[in-house]
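Engineer: The following block contains the structure, expressed as structure tokens.
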Amino acid sequence: MSHSGAGSQQRQQESEGDAIATTFLASEHQHIRYNPLQDEWVLVSAHRMKRPWQGQVEPSLLKTVPRHDPHNPLCPGATRANGEVNPHYDGTFLFDNDFPSLQPDVPNPGPSDHPLFQAEAARGVCKVLCFHPWSDVTLPLMSVPEIRAVVDMWASVTEELGAQYPWVQIFENKGAMMGSSNPHPHCQVWASSFLPDIAQREERCQRAYQSQHGEPLLMEYGHQELLRKERLVLTSEHWLVLVPFWAVWPFQTLLLPRRHVRRLPELTSAERDDLAFIMKKLLIKYDNLFETSFPYTMGWHGAPTGSEAEAKWDHWQLHAHYYPPLLRSATIRKFMVGYEMLAQAQRELTPEQAAERLRALPEVHYSLGQKDRETAAIA
């Protein structure tokens, strides 16, 4: 027994010695990475991309979407579920969500009778913002001035709802894979009387970093990524797009202003123009990756608003998260199940590999390129 135990110990020591002698390669060796913005870790297991896929394959996307459908409640002139008729808008269109998750006037739950059963009041407003009157376009197919109009509406609605509510969450779910129930280009805006969980974590982490290091976390992070370059996807005069060191989703990106900006309404006219320009570039690259209308959930995070808007929020830096699910192709997605649900997040390809693939993609949309080739062939 003692001899067997000694042999086992020796083999373990030899194995550990081999591991130490082997040069670490992020693309070959699993490891965990820390997300300082949300205080969580992600397991990176890039070698798993070699495994054959025999799981679920998503159905192909609809090739065509009608430009105008009078029965689509988001189209100009259409009648919505509550009987209201949309105006014949020719730009953006903002309206109250007909089925809101948050309403401004609801009673309080009342006091709890036990610390394990706590409930608090939740009030708010939910709105829908249509980006364009046509249903068959998406942001990457819109013009830069049209995207700039969306940016202006984001800033305006943040200012309007932020005057009353401490958190204004702008988010877009693009594609049926991300739960979008309508192909018309649009996003949602939820303003709440409370600070949601992720916002609380980002608040706590950014405040702690500034307290310890004397500068905003995301300002220093953007500076470091500019120096290192390996995770950069796009840069412009006023903005950075990168795959975060701690990214969870396969082709997740983070959109950062170069200047210290706390909230969307603080962006200058030049920064808004540049934002529209770099967003279009990023989303074209996304679509070009698998030559499909790339699904994602995206959203903006800025400093809290409401009655505390004038408090000291200098530790905050405005940013947008893009979380796309596609992993291997237009029909094979990343699933957050099993280990991800019960232990912690896990990803396959490294953030550096994802950034390299995105950087290499053209900045002309694949569908427009095909039309250009056909035109050239006819000529």
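Chain labels A, B, ... are given in the sequence in which chains occur in the structure tokens; within each chain residues are numbered consecutively from 1, and ligands are likewise numbered from 1 in the order shown.
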If you count only C-alpha atoms, which residues fall within 12 Å of Tyr366 of chain A, apart from same-chain ones fewer than 4 positions away, as a VMD selection string?

Structural biologist: chain A and resid 140 to 141 283 to 294 361 to 362 370 to 373

Engineer: Show me, as an MDAnalysis selection string, the residues that have an atom within 12 Å of Trp190 of chain A when counting only C-alpha atoms, minus same-chain residues fewer than 3 positions from it.

Structural biologist: chainID A and resid 95:97 99:104 122:129 154 157:158 161:162 165:172 187 193:196 299:300

Engineer: Next, dump the selected residues to file, keeping only C-alpha atoms, as a PDB file, in the first residue's frame.

Structural biologist:
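See part_3.pdb below for the written result:
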ATOM      1  CA  PHE A  95     -43.453  55.114 -28.369  1.00  0.00           C
ATOM      2  CA  ASP A  96     -44.588  53.509 -25.117  1.00  0.00           C
ATOM      3  CA  ASN A  97     -44.361  49.717 -25.103  1.00  0.00           C
ATOM      4  CA  PHE A  99     -46.857  45.349 -23.103  1.00  0.00           C
ATOM      5  CA  PRO A 100     -44.453  46.917 -20.578  1.00  0.00           C
ATOM      6  CA  SER A 101     -42.533  44.928 -17.984  1.00  0.00           C
ATOM      7  CA  LEU A 102     -42.414  48.060 -15.816  1.00  0.00           C
ATOM      8  CA  GLN A 103     -45.251  50.471 -15.089  1.00  0.00           C
ATOM      9  CA  PRO A 104     -45.069  53.780 -13.216  1.00  0.00           C
ATOM     10  CA  ALA A 122     -40.409  48.117  -8.854  1.00  0.00           C
ATOM     11  CA  ARG A 123     -41.686  51.005 -10.962  1.00  0.00           C
ATOM     12  CA  GLY A 124     -40.686  52.312 -14.328  1.00  0.00           C
ATOM     13  CA  VAL A 125     -41.413  52.963 -17.983  1.00  0.00           C
ATOM     14  CA  CYS A 126     -40.785  50.843 -21.095  1.00  0.00           C
ATOM     15  CA  LYS A 127     -40.491  52.316 -24.582  1.00  0.00           C
ATOM     16  CA  VAL A 128     -39.787  51.012 -28.086  1.00  0.00           C
ATOM     17  CA  LEU A 129     -37.601  52.881 -30.575  1.00  0.00           C
ATOM     18  CA  TRP A 154     -30.687  57.236 -27.464  1.00  0.00           C
ATOM     19  CA  VAL A 157     -34.503  59.345 -24.207  1.00  0.00           C
ATOM     20  CA  THR A 158     -31.733  58.778 -21.651  1.00  0.00           C
ATOM     21  CA  LEU A 161     -36.238  59.275 -18.511  1.00  0.00           C
ATOM     22  CA  GLY A 162     -33.071  59.819 -16.505  1.00  0.00           C
ATOM     23  CA  TYR A 165     -35.399  57.217 -12.887  1.00  0.00           C
ATOM     24  CA  PRO A 166     -31.981  56.098 -11.553  1.00  0.00           C
ATOM     25  CA  TRP A 167     -31.379  53.613 -14.370  1.00  0.00           C
ATOM     26  CA  VAL A 168     -32.169  53.830 -18.082  1.00  0.00           C
ATOM     27  CA  GLN A 169     -31.375  50.629 -19.967  1.00  0.00           C
ATOM     28  CA  ILE A 170     -31.213  50.852 -23.753  1.00  0.00           C
ATOM     29  CA  PHE A 171     -30.936  47.440 -25.413  1.00  0.00           C
ATOM     30  CA  GLU A 172     -31.424  45.805 -28.796  1.00  0.00           C
ATOM     31  CA  CYS A 187     -34.609  48.561 -29.720  1.00  0.00           C
ATOM     32  CA  SER A 193     -36.833  52.912 -10.013  1.00  0.00           C
ATOM     33  CA  PHE A 194     -34.034  50.572  -8.915  1.00  0.00           C
ATOM     34  CA  LEU A 195     -30.470  49.813 -10.011  1.00  0.00           C
ATOM     35  CA  PRO A 196     -30.431  46.345 -11.677  1.00  0.00           C
ATOM     36  CA  GLY A 299     -26.949  47.587 -24.641  1.00  0.00           C
ATOM     37  CA  TRP A 300     -25.551  50.798 -23.178  1.00  0.00           C
TER      38      TRP A 300
END

Engineer: Do you know which residues are at most 9 Å from Pro325 of chain A counting only C-alpha atoms, after dropping those on the same chain fewer than 3 positions away, and could you put them as an mmCIF file with N, CA, C and O atoms, in the first residue's frame?

Structural biologist:
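Wrote result-v8.cif, looks like this:
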data_model
loop_
_atom_site.group_PDB
_atom_site.id
_atom_site.type_symbol
_atom_site.label_atom_id
_atom_site.label_comp_id
_atom_site.auth_asym_id
_atom_site.auth_seq_id
_atom_site.Cartn_x
_atom_site.Cartn_y
_atom_site.Cartn_z
ATOM 1 N N MET A 177 -33.060 34.420 -32.836
ATOM 2 C CA MET A 177 -32.211 33.649 -31.942
ATOM 3 C C MET A 177 -32.027 34.333 -30.595
ATOM 4 O O MET A 177 -31.785 33.690 -29.576
ATOM 5 N N MET A 178 -32.155 35.677 -30.581
ATOM 6 C CA MET A 178 -32.013 36.439 -29.343
ATOM 7 C C MET A 178 -33.362 36.850 -28.767
ATOM 8 O O MET A 178 -33.436 37.723 -27.902
ATOM 9 N N TRP A 249 -19.102 35.587 -24.524
ATOM 10 C CA TRP A 249 -19.699 35.162 -25.794
ATOM 11 C C TRP A 249 -18.625 35.118 -26.881
ATOM 12 O O TRP A 249 -17.642 35.865 -26.832
ATOM 13 N N PRO A 250 -18.781 34.245 -27.877
ATOM 14 C CA PRO A 250 -17.706 33.990 -28.845
ATOM 15 C C PRO A 250 -17.115 35.251 -29.484
ATOM 16 O O PRO A 250 -15.901 35.423 -29.521
ATOM 17 N N PHE A 251 -17.973 36.118 -30.006
ATOM 18 C CA PHE A 251 -17.500 37.322 -30.686
ATOM 19 C C PHE A 251 -18.009 38.584 -29.976
ATOM 20 O O PHE A 251 -18.318 39.590 -30.611
ATOM 21 N N GLN A 252 -18.058 38.515 -28.678
ATOM 22 C CA GLN A 252 -18.455 39.635 -27.829
ATOM 23 C C GLN A 252 -17.521 40.826 -28.049
ATOM 24 O O GLN A 252 -16.310 40.665 -28.207
ATOM 25 N N PHE A 294 -26.392 39.042 -38.527
ATOM 26 C CA PHE A 294 -25.786 38.541 -37.297
ATOM 27 C C PHE A 294 -26.642 38.869 -36.078
ATOM 28 O O PHE A 294 -26.877 40.040 -35.782
ATOM 29 N N PRO A 295 -27.102 37.853 -35.348
ATOM 30 C CA PRO A 295 -27.917 38.133 -34.157
ATOM 31 C C PRO A 295 -27.041 38.575 -32.979
ATOM 32 O O PRO A 295 -25.868 38.198 -32.885
ATOM 33 N N TYR A 296 -27.610 39.365 -32.110
ATOM 34 C CA TYR A 296 -26.906 39.778 -30.904
ATOM 35 C C TYR A 296 -27.884 40.446 -29.944
ATOM 36 O O TYR A 296 -28.988 40.849 -30.329
ATOM 37 N N THR A 297 -27.454 40.554 -28.698
ATOM 38 C CA THR A 297 -28.062 41.486 -27.754
ATOM 39 C C THR A 297 -26.998 42.523 -27.449
ATOM 40 O O THR A 297 -25.842 42.179 -27.193
ATOM 41 N N ILE A 332 -24.911 27.590 -36.054
ATOM 42 C CA ILE A 332 -24.429 26.919 -34.843
ATOM 43 C C ILE A 332 -24.043 27.971 -33.814
ATOM 44 O O ILE A 332 -23.132 28.773 -34.046
ATOM 45 N N ARG A 333 -24.724 27.946 -32.695
ATOM 46 C CA ARG A 333 -24.588 28.978 -31.677
ATOM 47 C C ARG A 333 -23.905 28.436 -30.427
ATOM 48 O O ARG A 333 -23.752 27.231 -30.252
ATOM 49 N N LYS A 334 -23.496 29.364 -29.583
ATOM 50 C CA LYS A 334 -22.979 29.032 -28.265
ATOM 51 C C LYS A 334 -24.157 28.874 -27.306
ATOM 52 O O LYS A 334 -25.047 29.722 -27.257
ATOM 53 N N PHE A 335 -24.162 27.790 -26.543
ATOM 54 C CA PHE A 335 -25.200 27.574 -25.537
ATOM 55 C C PHE A 335 -24.621 27.832 -24.147
ATOM 56 O O PHE A 335 -23.535 27.370 -23.820
#

Engineer: To one decimal place in Å, what is the distance between atom CA of Val137 of chain A and atom CA of Trp239 of chain A?

Structural biologist: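 Here the two named atoms are 24.5 Å from each other.
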
Engineer: My list of candidates is A:Leu217, A:Ala46, A:Val243, A:Ala276. Which is closest to Ala26 of chain A when distances are computed with only C-alpha atoms?

Structural biologist: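 Ranking A:Leu217, A:Ala46, A:Val243, A:Ala276 by distance to Ala26 of chain A, first place goes to A:Ala46.
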
Engineer: Report the residues of segment 4-232 of chain A whose backbone DSSP state falls under alpha helix (DSSP H), written as a VMD selection string.

Structural biologist: chain A and resid 4 to 21 144 to 162 197 to 213 217 to 228

Engineer: Could you dump the residues just selected with C-alpha atoms as a PDB file, in the first residue's frame?

Structural biologist:
ATOM      1  CA  SER A   4       1.594   2.139  -4.360  1.00  0.00           C
ATOM      2  CA  GLY A   5       0.974   5.472  -2.639  1.00  0.00           C
ATOM      3  CA  ALA A   6       4.565   6.547  -3.199  1.00  0.00           C
ATOM      4  CA  GLY A   7       4.298   5.647  -6.897  1.00  0.00           C
ATOM      5  CA  SER A   8       1.108   7.666  -7.287  1.00  0.00           C
ATOM      6  CA  GLN A   9       2.721  10.644  -5.595  1.00  0.00           C
ATOM      7  CA  GLN A  10       5.772  10.362  -7.846  1.00  0.00           C
ATOM      8  CA  ARG A  11       3.623  10.231 -10.991  1.00  0.00           C
ATOM      9  CA  GLN A  12       1.706  13.322  -9.806  1.00  0.00           C
ATOM     10  CA  GLN A  13       4.963  15.201  -9.191  1.00  0.00           C
ATOM     11  CA  GLU A  14       6.262  14.208 -12.635  1.00  0.00           C
ATOM     12  CA  SER A  15       2.992  15.345 -14.216  1.00  0.00           C
ATOM     13  CA  GLU A  16       3.168  18.681 -12.418  1.00  0.00           C
ATOM     14  CA  GLY A  17       6.801  19.034 -13.504  1.00  0.00           C
ATOM     15  CA  ASP A  18       5.842  18.420 -17.152  1.00  0.00           C
ATOM     16  CA  ALA A  19       3.056  20.990 -16.883  1.00  0.00           C
ATOM     17  CA  ILE A  20       5.483  23.578 -15.529  1.00  0.00           C
ATOM     18  CA  ALA A  21       8.017  22.791 -18.267  1.00  0.00           C
ATOM     19  CA  VAL A 144     -24.323  56.828 -41.241  1.00  0.00           C
ATOM     20  CA  PRO A 145     -26.697  59.849 -40.946  1.00  0.00           C
ATOM     21  CA  GLU A 146     -29.590  57.436 -40.262  1.00  0.00           C
ATOM     22  CA  ILE A 147     -27.580  55.709 -37.530  1.00  0.00           C
ATOM     23  CA  ARG A 148     -26.631  59.123 -36.141  1.00  0.00           C
ATOM     24  CA  ALA A 149     -30.367  59.861 -35.762  1.00  0.00           C
ATOM     25  CA  VAL A 150     -30.664  56.677 -33.662  1.00  0.00           C
ATOM     26  CA  VAL A 151     -27.728  57.800 -31.497  1.00  0.00           C
ATOM     27  CA  ASP A 152     -29.412  61.165 -30.953  1.00  0.00           C
ATOM     28  CA  MET A 153     -32.630  59.436 -29.887  1.00  0.00           C
ATOM     29  CA  TRP A 154     -30.687  57.236 -27.464  1.00  0.00           C
ATOM     30  CA  ALA A 155     -29.169  60.334 -25.879  1.00  0.00           C
ATOM     31  CA  SER A 156     -32.509  62.170 -25.808  1.00  0.00           C
ATOM     32  CA  VAL A 157     -34.503  59.345 -24.207  1.00  0.00           C
ATOM     33  CA  THR A 158     -31.733  58.778 -21.651  1.00  0.00           C
ATOM     34  CA  GLU A 159     -31.940  62.430 -20.667  1.00  0.00           C
ATOM     35  CA  GLU A 160     -35.748  62.425 -20.585  1.00  0.00           C
ATOM     36  CA  LEU A 161     -36.238  59.275 -18.511  1.00  0.00           C
ATOM     37  CA  GLY A 162     -33.071  59.819 -16.505  1.00  0.00           C
ATOM     38  CA  ASP A 197     -27.970  43.662 -10.548  1.00  0.00           C
ATOM     39  CA  ILE A 198     -25.403  44.063 -13.342  1.00  0.00           C
ATOM     40  CA  ALA A 199     -25.492  47.848 -13.011  1.00  0.00           C
ATOM     41  CA  GLN A 200     -24.862  47.462  -9.283  1.00  0.00           C
ATOM     42  CA  ARG A 201     -21.854  45.225  -9.930  1.00  0.00           C
ATOM     43  CA  GLU A 202     -20.402  47.601 -12.501  1.00  0.00           C
ATOM     44  CA  GLU A 203     -20.982  50.513 -10.120  1.00  0.00           C
ATOM     45  CA  ARG A 204     -19.247  48.728  -7.247  1.00  0.00           C
ATOM     46  CA  CYS A 205     -16.301  47.546  -9.372  1.00  0.00           C
ATOM     47  CA  GLN A 206     -15.683  50.882 -11.075  1.00  0.00           C
ATOM     48  CA  ARG A 207     -15.910  52.776  -7.787  1.00  0.00           C
ATOM     49  CA  ALA A 208     -13.498  50.370  -6.067  1.00  0.00           C
ATOM     50  CA  TYR A 209     -10.971  50.527  -8.928  1.00  0.00           C
ATOM     51  CA  GLN A 210     -10.955  54.336  -8.972  1.00  0.00           C
ATOM     52  CA  SER A 211     -10.590  54.427  -5.199  1.00  0.00           C
ATOM     53  CA  GLN A 212      -7.597  52.066  -5.339  1.00  0.00           C
ATOM     54  CA  HIS A 213      -5.867  53.251  -8.532  1.00  0.00           C
ATOM     55  CA  LEU A 217     -11.317  51.377 -14.677  1.00  0.00           C
ATOM     56  CA  LEU A 218     -12.473  51.516 -18.300  1.00  0.00           C
ATOM     57  CA  MET A 219     -10.275  54.522 -19.140  1.00  0.00           C
ATOM     58  CA  GLU A 220      -7.194  52.595 -18.032  1.00  0.00           C
ATOM     59  CA  TYR A 221      -8.475  49.428 -19.697  1.00  0.00           C
ATOM     60  CA  GLY A 222      -8.961  51.205 -23.037  1.00  0.00           C
ATOM     61  CA  HIS A 223      -5.465  52.686 -22.751  1.00  0.00           C
ATOM     62  CA  GLN A 224      -3.965  49.262 -22.077  1.00  0.00           C
ATOM     63  CA  GLU A 225      -5.789  47.650 -25.009  1.00  0.00           C
ATOM     64  CA  LEU A 226      -4.519  50.395 -27.324  1.00  0.00           C
ATOM     65  CA  LEU A 227      -0.982  49.554 -26.234  1.00  0.00           C
ATOM     66  CA  ARG A 228      -1.399  45.777 -26.518  1.00  0.00           C
TER      67      ARG A 228
END

Engineer: Quote the spacing between atom CA of Leu282 of chain A and atom CA of Val233 of chain A in Å to one decimal place.

Structural biologist: 8.1 Å

Engineer: Which residues are near segment 346-356 of chain A? Cut-off 8 Å, only C-alpha atoms, ignore same chain within fewer than 6 positions. Put them as number ranges by chain.

Structural biologist: A: 26-27, 42-49, 230-233, 242-251, 339-340
